[in-house]
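Engineer: Structure file start_9.cif (mmCIF, C-alpha atoms and all ligand atoms) is given on the next line.
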```cif
data_input
#
loop_
_atom_site.label_atom_id
_atom_site.label_comp_id
_atom_site.auth_asym_id
_atom_site.auth_seq_id
_atom_site.Cartn_x
_atom_site.Cartn_y
_atom_site.Cartn_z
CA MET Q 1 109.26 54.98 117.84
CA ALA Q 2 107.73 52.07 119.61
CA LYS Q 3 104.00 52.16 119.83
CA SER Q 4 102.85 52.33 123.41
CA PRO Q 5 100.63 49.45 124.40
CA ALA Q 6 96.88 49.94 124.60
CA PRO Q 7 96.06 51.35 128.02
CA VAL Q 8 94.98 48.66 130.43
CA ARG Q 9 92.27 49.94 132.68
CA PRO Q 10 90.12 48.03 135.10
CA ALA Q 11 86.61 47.82 133.67
CA MET Q 12 85.04 49.42 136.74
CA SER Q 13 87.16 52.55 136.40
CA ARG Q 14 85.61 53.13 133.01
CA VAL Q 15 82.16 52.76 134.39
CA ARG Q 16 82.69 54.81 137.54
CA PHE Q 17 83.34 58.37 136.38
CA LEU Q 18 86.51 57.56 134.46
CA GLY Q 19 85.37 57.30 130.85
CA SER Q 20 87.07 59.30 128.13
CA ALA Q 21 85.51 62.55 129.32
CA LYS Q 22 86.28 61.69 132.98
CA SER Q 23 82.80 62.72 134.02
CA GLY Q 24 80.54 61.25 131.35
CA THR Q 25 78.85 58.72 133.57
CA ALA Q 26 78.69 60.75 136.78
CA ASP Q 27 75.01 61.62 136.35
CA ALA Q 28 74.04 58.01 135.69
CA TRP Q 29 76.06 56.91 138.70
CA ASN Q 30 74.54 59.55 140.97
CA MET Q 31 71.08 58.58 139.72
CA ARG Q 32 71.74 55.03 140.85
CA ILE Q 33 73.17 56.00 144.21
CA THR Q 34 70.28 58.34 145.00
CA SER Q 35 67.69 55.79 143.90
CA ILE Q 36 69.23 53.16 146.20
CA ALA Q 37 69.16 55.66 149.07
CA LEU Q 38 65.59 56.62 148.28
CA VAL Q 39 64.20 53.10 148.71
CA PRO Q 40 64.47 53.03 152.52
CA LEU Q 41 64.14 56.81 152.84
CA SER Q 42 60.82 57.01 150.97
CA ILE Q 43 59.43 54.20 153.11
CA ALA Q 44 60.58 56.12 156.19
CA PHE Q 45 58.96 59.27 154.80
CA VAL Q 46 55.62 57.51 154.30
CA ALA Q 47 55.84 56.07 157.83
CA ILE Q 48 56.53 59.52 159.30
CA VAL Q 49 53.55 61.03 157.46
CA LEU Q 50 51.35 58.16 158.66
CA SER Q 51 52.44 58.82 162.24
CA LEU Q 52 51.28 62.46 161.91
CA LEU Q 53 47.70 61.60 161.00
CA GLY Q 54 45.07 62.67 163.47
CA LYS Q 55 47.53 64.71 165.53
CA ASP Q 56 46.91 68.36 166.38
CA TYR Q 57 49.32 71.14 165.46
CA ALA Q 58 51.43 71.00 168.63
CA ALA Q 59 51.87 67.24 168.33
CA VAL Q 60 52.80 67.44 164.62
CA ARG Q 61 55.38 70.09 165.44
CA THR Q 62 56.87 68.09 168.29
CA GLU Q 63 56.98 64.89 166.25
CA LEU Q 64 58.74 66.53 163.28
CA GLY Q 65 61.17 68.23 165.65
CA HIS Q 66 62.39 64.95 167.17
CA PRO Q 67 65.88 63.99 165.99
CA LEU Q 68 65.01 60.69 164.28
CA PRO Q 69 62.08 61.88 162.13
CA ALA Q 70 63.90 65.14 161.43
CA ILE Q 71 67.10 63.43 160.30
CA LEU Q 72 65.17 60.93 158.15
CA MET Q 73 63.22 63.80 156.57
CA LEU Q 74 66.45 65.68 155.87
CA LEU Q 75 68.03 62.61 154.26
CA PHE Q 76 64.91 61.99 152.18
CA ILE Q 77 64.79 65.60 151.02
CA LEU Q 78 68.52 65.78 150.22
CA SER Q 79 68.62 62.59 148.18
CA GLY Q 80 65.19 63.36 146.70
CA VAL Q 81 66.07 66.78 145.30
CA PHE Q 82 69.44 65.59 144.02
CA HIS Q 83 67.69 62.66 142.32
CA MET Q 84 64.84 64.71 140.87
CA LYS Q 85 67.23 67.35 139.52
CA LEU Q 86 69.11 64.65 137.61
CA GLY Q 87 65.90 62.97 136.49
CA MET Q 88 64.29 66.16 135.18
CA GLN Q 89 67.59 67.00 133.47
CA SER Q 90 67.40 63.81 131.43
CA ILE Q 91 63.76 64.52 130.58
CA ILE Q 92 64.77 67.99 129.34
CA ASP Q 93 67.70 66.53 127.41
CA ASP Q 94 65.31 64.13 125.71
CA TYR Q 95 62.49 66.49 124.77
CA VAL Q 96 63.75 70.08 124.60
CA HIS Q 97 65.78 70.46 121.44
CA ALA Q 98 65.99 74.22 120.82
CA ALA Q 99 69.42 75.14 122.20
CA GLN Q 100 68.47 78.30 124.08
CA LEU Q 101 65.24 76.98 125.49
CA LYS Q 102 67.08 73.90 126.67
CA GLU Q 103 69.67 76.02 128.46
CA TRP Q 104 66.94 77.96 130.26
CA ALA Q 105 65.04 74.80 131.11
CA LEU Q 106 68.17 73.26 132.65
CA ILE Q 107 68.80 76.44 134.67
CA ALA Q 108 65.16 76.55 135.84
CA ASN Q 109 65.42 72.91 136.86
CA LEU Q 110 68.57 73.53 138.89
CA PHE Q 111 67.13 76.62 140.58
CA SER Q 112 63.82 75.01 141.47
CA SER Q 113 65.47 71.86 142.83
CA VAL Q 114 67.80 73.93 145.00
CA CYS Q 115 64.96 76.18 146.20
CA ILE Q 116 62.65 73.28 147.05
CA GLY Q 117 65.46 71.45 148.83
CA LEU Q 118 66.58 74.47 150.79
CA ALA Q 119 63.04 75.45 151.77
CA CYS Q 120 62.34 71.95 153.13
CA ILE Q 121 65.64 71.78 154.98
CA TYR Q 122 65.16 75.24 156.50
CA ALA Q 123 61.68 74.32 157.68
CA VAL Q 124 62.73 71.01 159.23
CA LEU Q 125 65.70 72.60 160.99
CA LYS Q 126 63.51 75.40 162.30
CA LEU Q 127 61.14 72.83 163.80
CA SER Q 128 64.05 71.14 165.54
CA PHE Q 129 65.78 74.24 166.87
CA THR Q 130 63.00 76.60 167.87
CA MET C 131 53.69 61.41 105.90
CA LYS C 132 55.70 64.50 105.15
CA GLU C 133 57.28 64.74 101.73
CA ALA C 134 60.97 64.04 101.60
CA GLU C 135 63.16 67.13 101.70
CA PHE C 136 65.79 67.59 99.03
CA GLY C 137 68.95 69.66 99.22
CA ALA C 138 70.51 71.70 96.37
CA SER C 139 72.08 68.52 94.97
CA GLY C 140 68.67 66.92 94.64
CA ILE C 141 69.71 64.19 97.04
CA GLU C 142 67.39 63.53 99.93
CA THR C 143 68.79 65.31 102.99
CA ARG C 144 66.26 64.33 105.59
CA ARG C 145 68.14 62.33 108.20
CA PRO C 146 66.83 58.87 108.92
CA LEU C 147 64.87 58.74 112.17
CA SER C 148 64.69 55.82 114.52
CA PRO C 149 61.21 54.37 114.88
CA HIS C 150 59.32 56.07 117.68
CA LEU C 151 56.30 55.32 119.86
CA GLN C 152 53.65 55.38 117.14
CA ILE C 153 55.50 52.66 115.19
CA TYR C 154 55.56 50.05 117.93
CA ARG C 155 52.74 47.89 119.20
CA PRO C 156 52.18 48.93 122.83
CA THR C 157 53.53 46.45 125.38
CA LEU C 158 53.33 46.43 129.17
CA THR C 159 57.08 47.00 129.64
CA MET C 160 56.85 50.00 127.34
CA MET C 161 53.84 51.51 129.11
CA MET C 162 55.55 50.98 132.47
CA SER C 163 58.67 52.73 131.17
CA ILE C 164 56.52 55.71 130.22
CA ALA C 165 54.74 55.53 133.58
CA HIS C 166 58.09 55.60 135.37
CA ARG C 167 58.92 58.88 133.68
CA ILE C 168 55.47 60.37 134.29
CA THR C 169 55.48 59.38 137.98
CA GLY C 170 59.02 60.78 138.30
CA ALA C 171 57.86 64.12 136.92
CA ALA C 172 54.75 64.03 139.12
CA LEU C 173 56.88 63.41 142.22
CA TYR C 174 58.95 66.44 141.28
CA PHE C 175 55.82 68.55 141.73
CA GLY C 176 54.94 66.52 144.79
CA THR C 177 58.05 67.85 146.51
CA LEU C 178 56.55 71.35 146.14
CA LEU C 179 53.62 70.11 148.19
CA LEU C 180 56.01 68.76 150.82
CA ALA C 181 57.89 72.08 150.94
CA TRP C 182 54.59 73.93 151.37
CA PHE C 183 53.50 71.62 154.19
CA LEU C 184 56.83 71.82 156.05
CA ILE C 185 56.94 75.61 155.75
CA ALA C 186 53.35 75.78 156.98
CA VAL C 187 54.19 73.64 160.02
CA SER C 188 57.25 75.71 160.85
CA THR C 189 55.31 78.96 160.38
CA GLY C 190 52.30 77.78 162.39
CA GLY C 191 49.07 79.68 162.99
CA GLY C 192 46.99 80.50 159.92
CA ALA C 193 49.53 79.07 157.49
CA TYR C 194 49.20 75.65 159.10
CA ASP C 195 45.40 75.84 159.26
CA VAL C 196 45.21 76.60 155.53
CA ALA C 197 47.56 73.75 154.63
CA ALA C 198 45.78 71.28 156.91
CA TYR C 199 42.40 72.35 155.52
CA CYS C 200 43.52 71.96 151.91
CA LEU C 201 45.21 68.59 152.44
CA ASN C 202 42.18 67.27 154.33
CA SER C 203 39.72 68.31 151.63
CA ILE C 204 38.48 65.80 149.05
CA ALA C 205 40.71 67.32 146.36
CA GLY C 206 43.67 67.33 148.75
CA LYS C 207 43.13 63.69 149.62
CA LEU C 208 42.86 62.74 145.95
CA ILE C 209 46.16 64.49 145.24
CA LEU C 210 47.81 62.80 148.22
CA PHE C 211 46.44 59.44 147.10
CA GLY C 212 47.93 60.05 143.65
CA PHE C 213 51.21 61.12 145.25
CA THR C 214 51.31 57.91 147.32
CA TRP C 215 50.67 55.79 144.25
CA ALA C 216 53.24 57.68 142.16
CA LEU C 217 55.84 57.21 144.89
CA PHE C 218 55.27 53.45 145.27
CA HIS C 219 54.93 52.83 141.54
CA HIS C 220 58.12 54.78 140.87
CA LEU C 221 59.94 53.11 143.77
CA LEU C 222 59.15 49.61 142.48
CA GLY C 223 60.10 50.76 138.97
CA GLY C 224 63.44 51.90 140.38
CA ILE C 225 64.00 48.53 142.03
CA ARG C 226 63.14 46.84 138.70
CA HIS C 227 65.70 49.05 136.96
CA ALA C 228 68.27 48.08 139.60
CA ILE C 229 67.59 44.37 139.05
CA TRP C 230 67.80 44.76 135.27
CA ASP C 231 71.05 46.73 135.66
CA THR C 232 72.66 43.64 137.19
CA GLY C 233 71.73 41.71 134.04
CA HIS C 234 69.09 39.58 135.78
CA GLY C 235 65.44 39.19 134.87
CA LEU C 236 65.77 40.43 131.30
CA GLU C 237 64.52 37.25 129.59
CA HIS C 238 60.98 36.99 128.35
CA PRO C 239 58.90 35.51 131.17
CA GLN C 240 60.93 37.09 134.00
CA ARG C 241 60.83 40.59 132.61
CA GLU C 242 57.05 40.40 132.14
CA TRP C 243 56.59 39.13 135.69
CA LEU C 244 58.81 41.83 137.15
CA THR C 245 56.84 44.46 135.28
CA ARG C 246 53.48 43.08 136.41
CA ALA C 247 54.74 42.84 139.98
CA GLY C 248 55.62 46.53 139.80
CA LEU C 249 52.19 47.49 138.54
CA VAL C 250 50.24 45.33 141.00
CA GLY C 251 52.66 46.05 143.87
CA GLY C 252 52.38 49.80 143.44
CA ILE C 253 48.60 49.67 143.63
CA GLY C 254 48.72 47.17 146.50
CA LEU C 255 51.11 49.25 148.61
CA THR C 256 49.07 52.39 148.00
CA VAL C 257 45.85 50.72 149.09
CA THR C 258 47.62 49.19 152.12
CA VAL C 259 49.01 52.52 153.28
CA TRP C 260 45.62 54.25 152.89
CA THR C 261 43.89 51.43 154.72
CA ILE C 262 46.36 51.85 157.59
CA ALA C 263 45.79 55.61 157.44
CA TYR C 264 42.03 55.17 157.86
CA LEU C 265 42.43 52.54 160.58
CA VAL C 266 44.77 54.64 162.76
CA HIS C 267 43.02 57.90 162.06
C1 LIG Q 301 61.31 62.08 146.02
C2 LIG Q 301 60.86 61.17 145.26
C3 LIG Q 301 61.31 61.01 143.82
C4 LIG Q 301 61.32 61.95 142.82
C5 LIG Q 301 60.92 63.41 142.91
C6 LIG Q 301 61.81 61.27 141.62
C7 LIG Q 301 61.95 61.87 140.39
C8 LIG Q 301 62.44 61.25 139.28
C9 LIG Q 301 62.50 61.82 137.96
C10 LIG Q 301 62.03 63.22 137.58
C11 LIG Q 301 63.05 60.90 137.14
C12 LIG Q 301 63.30 61.04 135.65
C13 LIG Q 301 62.38 60.15 134.88
C14 LIG Q 301 62.99 59.65 133.61
O1 LIG Q 301 64.15 59.94 133.32
O2 LIG Q 301 62.29 58.92 132.90
C15 LIG Q 301 63.37 59.75 137.92
C16 LIG Q 301 63.99 58.61 137.43
C17 LIG Q 301 64.36 57.53 138.21
N1 LIG Q 301 63.96 57.30 139.51
FE1 LIG Q 301 63.04 58.64 140.71
N2 LIG Q 301 62.09 59.96 141.92
C18 LIG Q 301 61.81 59.77 143.25
C19 LIG Q 301 61.92 58.60 143.97
C20 LIG Q 301 62.54 57.47 143.51
C21 LIG Q 301 62.68 56.27 144.26
C22 LIG Q 301 62.15 56.02 145.67
C23 LIG Q 301 63.34 55.40 143.50
C24 LIG Q 301 63.67 54.02 143.99
C25 LIG Q 301 64.34 53.14 143.49
C26 LIG Q 301 63.65 56.05 142.22
C27 LIG Q 301 64.33 55.49 141.14
C28 LIG Q 301 64.51 56.09 139.92
C29 LIG Q 301 65.31 55.55 138.84
C30 LIG Q 301 66.13 54.26 138.86
C31 LIG Q 301 65.22 56.47 137.77
C32 LIG Q 301 65.92 56.38 136.44
C33 LIG Q 301 65.08 55.80 135.40
C34 LIG Q 301 65.81 55.69 134.09
O3 LIG Q 301 67.04 55.69 134.07
O4 LIG Q 301 65.12 55.61 133.07
N3 LIG Q 301 63.12 57.32 142.26
N4 LIG Q 301 62.98 59.97 139.22
#
```
Before anything else, please render the file you have as structure tokens.
Ligand code: HEM
Structural biologist:
Amino acid sequence: MAKSPAPVRPAMSRVRFLGSAKSGTADAWNMRITSIALVPLSIAFVAIVLSLLGKDYAAVRTELGHPLPAILMLLFILSGVFHMKLGMQSIIDDYVHAAQLKEWALIANLFSSVCIGLACIYAVLKLSFT
Amino acid sequence: MKEAEFGASGIETRRPLSPHLQIYRPTLTMMMSIAHRITGAALYFGTLLLAWFLIAVSTGGGAYDVAAYCLNSIAGKLILFGFTWALFHHLLGGIRHAIWDTGHGLEHPQREWLTRAGLVGGIGLTVTVWTIAYLVH
């Protein structure tokens, strides 16, 4: 039987998700995407916090409830928690070697990232809609 | 040094280990790599602070007063200053990673300059932001 030729695959398809395991590089890719997004978003976050300084409670509430700061905060939080979940995961992978402990650490990381993200999003939305 | 471990065959079974931190002479790029990880982990806990603050604002009343009091205290300000620095240091580290990922700036003088720029830039941006904070406040 004729040997089939070596598969020809564009180099980028190997890098973007499509390695032998089909998902092996997804985390690295998502880390990059979120870190690119976080450059402008963290600057926006710092600017929003600066704009809150010296304001009283009512003014802080109003400011955070405006669409632009609220949307920027939501984007910062979303990309931030996604990014930090992946980042902490690689720290755990590097330092926690006992199999069971590692499993629990990864679960705790996922749960706390989701909880922090959801709590922030809930709070920002509440400020906008009430 | 631990003694070598031997299996039943008498042949050394301890797996070879790659050299780790204590073997290398410390360099700036290495310290900055460690700092990137430490600031990343610190920012993780910083997001807890953000969640607390946002929940306090959306709850209002006493919850907001407590948060505002804590964040305005000396300890609160020190933590926020550290958070600002961690964010900027980590952000510049991320940009450095992105540049290195394209294959640029990896040669000797460039990589040292990029690393120093990250260190100095992180401190500079932090001081700038806090100066602005005190000027507008
Ligand atoms: C919400 C703010 C942020 C949090 C909570 C956060 C958290 C983390 C954590 C926990 C890690 C893992 C550290 C490691 O693996 O050594 C990490 C890595 C990383 N962060 Fe962030 N980060 C934040 C903002 C940013 C920003 C603004 C950038 C901008 C470019 C960035 C770029 C990166 C990159 C490129 C890595 C990967 C480093 C590597 O592959 O060794 N991060 N981050």
Engineer: Dump as a Markdown table the rows for residues of chain C within 12 Å of ligand LIG 301 (chain Q): closest atom pair and distance in Å with one decimal, all atoms listed in the file counted, ordered by chain and rising residue number.
Structural biologist:
```
| residue | atom | partner | partner_atom | distance |
| --- | --- | --- | --- | --- |
| C:Met160 | CA | Q:LIG301 | O4 | 11.5 |
| C:Met161 | CA | Q:LIG301 | O2 | 11.9 |
| C:Met162 | CA | Q:LIG301 | O2 | 10.4 |
| C:Ser163 | CA | Q:LIG301 | O4 | 7.3 |
| C:Ile164 | CA | Q:LIG301 | O2 | 7.1 |
| C:Ala165 | CA | Q:LIG301 | O2 | 8.3 |
| C:His166 | CA | Q:LIG301 | O2 | 5.9 |
| C:Arg167 | CA | Q:LIG301 | O2 | 3.5 |
| C:Ile168 | CA | Q:LIG301 | C13 | 6.9 |
| C:Thr169 | CA | Q:LIG301 | C8 | 7.3 |
| C:Gly170 | CA | Q:LIG301 | C8 | 3.6 |
| C:Ala171 | CA | Q:LIG301 | C10 | 4.3 |
| C:Ala172 | CA | Q:LIG301 | C5 | 7.3 |
| C:Leu173 | CA | Q:LIG301 | C5 | 4.1 |
| C:Tyr174 | CA | Q:LIG301 | C5 | 4.0 |
| C:Phe175 | CA | Q:LIG301 | C5 | 7.3 |
| C:Gly176 | CA | Q:LIG301 | C5 | 7.0 |
| C:Thr177 | CA | Q:LIG301 | C5 | 6.4 |
| C:Leu178 | CA | Q:LIG301 | C5 | 9.6 |
| C:Leu179 | CA | Q:LIG301 | C5 | 11.2 |
| C:Leu180 | CA | Q:LIG301 | C1 | 9.8 |
| C:Ala181 | CA | Q:LIG301 | C1 | 11.7 |
| C:Phe213 | CA | Q:LIG301 | C2 | 9.7 |
| C:Thr214 | CA | Q:LIG301 | C2 | 10.3 |
| C:Trp215 | CA | Q:LIG301 | C2 | 11.6 |
| C:Ala216 | CA | Q:LIG301 | C3 | 8.9 |
| C:Leu217 | CA | Q:LIG301 | C19 | 6.3 |
| C:Phe218 | CA | Q:LIG301 | C22 | 7.4 |
| C:His219 | CA | Q:LIG301 | C21 | 8.9 |
| C:His220 | CA | Q:LIG301 | N3 | 5.8 |
| C:Leu221 | CA | Q:LIG301 | C24 | 3.8 |
| C:Leu222 | CA | Q:LIG301 | C25 | 6.4 |
| C:Gly223 | CA | Q:LIG301 | C25 | 6.6 |
| C:Gly224 | CA | Q:LIG301 | C25 | 3.5 |
| C:Ile225 | CA | Q:LIG301 | C25 | 4.8 |
| C:Arg226 | CA | Q:LIG301 | C30 | 8.0 |
| C:His227 | CA | Q:LIG301 | C30 | 5.6 |
| C:Ala228 | CA | Q:LIG301 | C30 | 6.6 |
| C:Ile229 | CA | Q:LIG301 | C30 | 10.0 |
| C:Trp230 | CA | Q:LIG301 | C30 | 10.3 |
| C:Asp231 | CA | Q:LIG301 | C30 | 9.5 |
| C:Gly248 | CA | Q:LIG301 | C25 | 11.5 |
| C:Gly252 | CA | Q:LIG301 | C22 | 11.8 |
```
Engineer: Using C-alpha atoms, can you write the selected residues to a file as an mmCIF file, in the coordinates of the input?
Structural biologist:
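Listing of part33.cif after writing:
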```
data_model
loop_
_atom_site.group_PDB
_atom_site.id
_atom_site.type_symbol
_atom_site.label_atom_id
_atom_site.label_comp_id
_atom_site.auth_asym_id
_atom_site.auth_seq_id
_atom_site.Cartn_x
_atom_site.Cartn_y
_atom_site.Cartn_z
ATOM 1 C CA MET C 160 56.850 50.000 127.340
ATOM 2 C CA MET C 161 53.840 51.510 129.110
ATOM 3 C CA MET C 162 55.550 50.980 132.470
ATOM 4 C CA SER C 163 58.670 52.730 131.170
ATOM 5 C CA ILE C 164 56.520 55.710 130.220
ATOM 6 C CA ALA C 165 54.740 55.530 133.580
ATOM 7 C CA HIS C 166 58.090 55.600 135.370
ATOM 8 C CA ARG C 167 58.920 58.880 133.680
ATOM 9 C CA ILE C 168 55.470 60.370 134.290
ATOM 10 C CA THR C 169 55.480 59.380 137.980
ATOM 11 C CA GLY C 170 59.020 60.780 138.300
ATOM 12 C CA ALA C 171 57.860 64.120 136.920
ATOM 13 C CA ALA C 172 54.750 64.030 139.120
ATOM 14 C CA LEU C 173 56.880 63.410 142.220
ATOM 15 C CA TYR C 174 58.950 66.440 141.280
ATOM 16 C CA PHE C 175 55.820 68.550 141.730
ATOM 17 C CA GLY C 176 54.940 66.520 144.790
ATOM 18 C CA THR C 177 58.050 67.850 146.510
ATOM 19 C CA LEU C 178 56.550 71.350 146.140
ATOM 20 C CA LEU C 179 53.620 70.110 148.190
ATOM 21 C CA LEU C 180 56.010 68.760 150.820
ATOM 22 C CA ALA C 181 57.890 72.080 150.940
ATOM 23 C CA PHE C 213 51.210 61.120 145.250
ATOM 24 C CA THR C 214 51.310 57.910 147.320
ATOM 25 C CA TRP C 215 50.670 55.790 144.250
ATOM 26 C CA ALA C 216 53.240 57.680 142.160
ATOM 27 C CA LEU C 217 55.840 57.210 144.890
ATOM 28 C CA PHE C 218 55.270 53.450 145.270
ATOM 29 C CA HIS C 219 54.930 52.830 141.540
ATOM 30 C CA HIS C 220 58.120 54.780 140.870
ATOM 31 C CA LEU C 221 59.940 53.110 143.770
ATOM 32 C CA LEU C 222 59.150 49.610 142.480
ATOM 33 C CA GLY C 223 60.100 50.760 138.970
ATOM 34 C CA GLY C 224 63.440 51.900 140.380
ATOM 35 C CA ILE C 225 64.000 48.530 142.030
ATOM 36 C CA ARG C 226 63.140 46.840 138.700
ATOM 37 C CA HIS C 227 65.700 49.050 136.960
ATOM 38 C CA ALA C 228 68.270 48.080 139.600
ATOM 39 C CA ILE C 229 67.590 44.370 139.050
ATOM 40 C CA TRP C 230 67.800 44.760 135.270
ATOM 41 C CA ASP C 231 71.050 46.730 135.660
ATOM 42 C CA GLY C 248 55.620 46.530 139.800
ATOM 43 C CA GLY C 252 52.380 49.800 143.440
#
```
Engineer: Quick one: everything within 12 Å of Q:Leu78, counting all atoms listed in the file, minus sequence neighbours fewer than 2 positions away in the same chain. Send it as a ChimeraX atom specification.
Structural biologist: /Q:34-35,37-38,41-42,71-76,80-85,113-122,124 /C:177
Engineer: Can you tell me how far atom CA of C:Leu255 sits from atom CA of C:Arg241, in Å to one decimal?
Structural biologist: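 For atom CA of C:Leu255 relative to atom CA of C:Arg241, the distance reads 20.6 Å.
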Engineer: Could you list, as a list in words, every residue of chain Q that has an atom within 6 Å of an atom of chain C, counting all atoms listed in the file?
Structural biologist: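 Matching residues, ligands excluded from the count: Gly54, Cys120, Ala123 and Leu127 of chain Q.
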Engineer: Got time to write the residues from that selection, C-alpha atoms, as an mmCIF file, in the coordinates of the input?
Structural biologist:
```
data_model
loop_
_atom_site.group_PDB
_atom_site.id
_atom_site.type_symbol
_atom_site.label_atom_id
_atom_site.label_comp_id
_atom_site.auth_asym_id
_atom_site.auth_seq_id
_atom_site.Cartn_x
_atom_site.Cartn_y
_atom_site.Cartn_z
ATOM 1 C CA GLY Q 54 45.070 62.670 163.470
ATOM 2 C CA CYS Q 120 62.340 71.950 153.130
ATOM 3 C CA ALA Q 123 61.680 74.320 157.680
ATOM 4 C CA LEU Q 127 61.140 72.830 163.800
#
```
Engineer: Could you tell me how far atom CA of Q:Gln89 sits from atom CA of Q:Ala105, in Å to one decimal place?
Structural biologist: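 Pair atom CA of Q:Ala105 / atom CA of Q:Gln89 returns 8.5 Å.
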Engineer: Can you work out the spacing between atom CA of C:Tyr154 and atom CA of C:Leu244 in Å, to one decimal?
Structural biologist: 21.2 Å
Engineer: I need the residue nearest Q:Ala28 from this list: Q:Leu52, Q:Ala70, Q:Leu64, Q:Leu86. Use only C-alpha atoms for the distance.
Structural biologist: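 Nearest candidate to Q:Ala28 out of Q:Leu52, Q:Ala70, Q:Leu64, Q:Leu86: Q:Leu86.
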Engineer: Considering all atoms listed in the file, state which residue in the set C:Ala193, C:Leu151, C:Ile204, C:Leu210 is at the smallest distance from C:Thr256.
Structural biologist: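 Checking each of C:Ala193, C:Leu151, C:Ile204, C:Leu210 against C:Thr256, counting all atoms listed in the file, the winner is C:Leu210.
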Engineer: Just checking: using all atoms listed in the file, which residue out of Q:Ile77, Q:Ala58, Q:His97, Q:Ser112 ends up closest to Q:Ala44?
Structural biologist: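 Closest candidate: Q:Ile77.
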Engineer: Rank C:Ser203, C:Thr159, C:Gln152, C:Thr261 by their smallest atom-to-atom distance to C:Leu249, using all atoms listed in the file, and report the top residue only.
Structural biologist: C:Thr159
